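**Student:** There's a structure below that I have some questions on.
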Amino acid sequence: MDQARHLPKRPLGSALVTSLVISAALFIALLVMNQPLKTASAPQGMISFQLAGTAQQAQTILASWRPDSVTMARASLWVDFAFIAAYLAMLLQLTRRFSLDRPGVRERIIAKWVRMLFIVAGTSDVIENIALLNNFSPPDDSLSMVASIFSLLKFTGLLLGLAGLIILRAARRQPLTPAS
């Protein structure tokens, strides 16, 4: 029997589990906070505001929200800062975990690019949130455009990073120690 195929499963690290639980809790909180932000002008709630590329679109969205919803939108942006830290920690730890038994040069390069994509996504999310927090009264074309561009960069980085994680995980496994 091939010993390499029957390696014992490693337990998840406590840091990975902690960041996973915190990310999930904050994600659920953000989903709940987003519900009152869904209107005819903002069918996706905060995501619609993130992607409003002009001051006019941003103003239309803000006008469609009730005053307490605008407060909720600001609060969700502040909660999102904690979510960024949690999901970035989780994704970087997951990348490390997936690359532990992948000693090949190709796998190390993929893991490096995946980490870089996640860091770019997290940084873009922070810049986007700062632009959005400054775009409430009155909305500005340049801030709306900055928020849209960095929002798209964030989503692209996350999607490409997750695709890289899948490729990294699907790569041929090699044991850390040679089989006897």
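So you can find residues: chains in the structure tokens are A, B, ... in the order shown, residues in each start at 1, and ligands are numbered from 1 in order.
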Residues at most 12 Å from Leu94 (chain A), counting only C-alpha atoms, excluding those fewer than 3 positions away in the same chain, as a ChimeraX atom specification?
**Tutor:** /A:12-17,19-20,87-91,97-100,111,114-115,118,161-162,164-166,168-169
**Student:** Identify, on the basis of only C-alpha atoms, every residue whose closest approach to Val126 (chain A) does not exceed 10 Å; exclude the query and any residue fewer than 2 positions from it along the same chain; express the result as a list of chain:residue names.
**Tutor:**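 Counting only the stated atoms, we get A:Leu77, A:Asp80, A:Phe81, A:Ile84, A:Ala85, A:Val120, A:Ala121, A:Gly122, A:Thr123, A:Ser124, A:Glu128, A:Asn129, A:Ile130, A:Ala131, A:Leu132, A:Ala147, A:Phe150, A:Ser151, A:Lys154.
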**Student:** Could you write those residues out with C-alpha atoms, as an mmCIF file, in the first residue's frame?
**Tutor:**
data_model
loop_
_atom_site.group_PDB
_atom_site.id
_atom_site.type_symbol
_atom_site.label_atom_id
_atom_site.label_comp_id
_atom_site.auth_asym_id
_atom_site.auth_seq_id
_atom_site.Cartn_x
_atom_site.Cartn_y
_atom_site.Cartn_z
ATOM 1 C CA LEU A 77 -18.259 50.011 6.781
ATOM 2 C CA ASP A 80 -16.091 45.695 7.460
ATOM 3 C CA PHE A 81 -12.630 46.810 8.660
ATOM 4 C CA ILE A 84 -11.131 42.523 6.286
ATOM 5 C CA ALA A 85 -8.596 41.640 8.978
ATOM 6 C CA VAL A 120 -4.050 43.258 -2.750
ATOM 7 C CA ALA A 121 -7.743 42.411 -2.205
ATOM 8 C CA GLY A 122 -7.581 43.291 1.504
ATOM 9 C CA THR A 123 -5.701 46.526 0.853
ATOM 10 C CA SER A 124 -8.181 47.464 -1.882
ATOM 11 C CA GLU A 128 -12.564 51.363 -0.779
ATOM 12 C CA ASN A 129 -14.013 51.657 2.752
ATOM 13 C CA ILE A 130 -12.090 54.872 3.418
ATOM 14 C CA ALA A 131 -13.376 56.341 0.145
ATOM 15 C CA LEU A 132 -16.948 55.296 0.963
ATOM 16 C CA ALA A 147 -14.492 53.281 -4.390
ATOM 17 C CA PHE A 150 -10.980 49.482 -5.595
ATOM 18 C CA SER A 151 -14.166 47.472 -5.096
ATOM 19 C CA LYS A 154 -10.978 43.659 -4.357
#
**Student:** Using only C-alpha atoms, which residue out of A:Pro43, A:Gly157, A:Pro36, A:Gly53 lies closest to Ile119 (chain A)?
**Tutor:**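 Nearest candidate to Ile119 (chain A) out of A:Pro43, A:Gly157, A:Pro36, A:Gly53: A:Gly157.
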**Student:** Which neighbours of Ala55 (chain A) fall inside 6 Å, counting only C-alpha atoms, when residues of the same chain fewer than 5 positions from it are skipped, and could you give them as an mmCIF file with N, CA and C atoms, in the first residue's frame?
**Tutor:**
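File selection.cif, as written:
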data_model
loop_
_atom_site.group_PDB
_atom_site.id
_atom_site.type_symbol
_atom_site.label_atom_id
_atom_site.label_comp_id
_atom_site.auth_asym_id
_atom_site.auth_seq_id
_atom_site.Cartn_x
_atom_site.Cartn_y
_atom_site.Cartn_z
ATOM 1 N N PRO A 139 -21.781 63.316 -1.766
ATOM 2 C CA PRO A 139 -21.019 62.394 -2.607
ATOM 3 C C PRO A 139 -20.183 63.153 -3.638
ATOM 4 N N ASP A 140 -19.059 62.588 -3.962
ATOM 5 C CA ASP A 140 -18.110 63.216 -4.878
ATOM 6 C C ASP A 140 -17.785 62.238 -6.003
ATOM 7 N N ASP A 141 -17.658 62.747 -7.229
ATOM 8 C CA ASP A 141 -17.359 61.886 -8.374
ATOM 9 C C ASP A 141 -16.047 61.131 -8.194
#
**Student:** Check the smallest atom-to-atom distance from each of A:Ser144, A:Trp65, A:Thr71, A:Leu158 to Trp113 (chain A) using only C-alpha atoms, then report the winner.
**Tutor:**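 Ranking A:Ser144, A:Trp65, A:Thr71, A:Leu158 by distance to Trp113 (chain A), first place goes to A:Leu158.
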**Student:** Suppose you want the space between CA of Met33 (chain A) and CA of Arg74 (chain A); what is it in Å?
**Tutor:**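 Distance between the two atoms: 10.1 Å.
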**Student:** If you run DSSP on the backbone here, which positions in region 27-133 of chain A get helix (DSSP H, G or I)? Please write them as a PyMOL selection string.
**Tutor:** chain A and resi 27-37+46-50+55-64+67-99+105-133
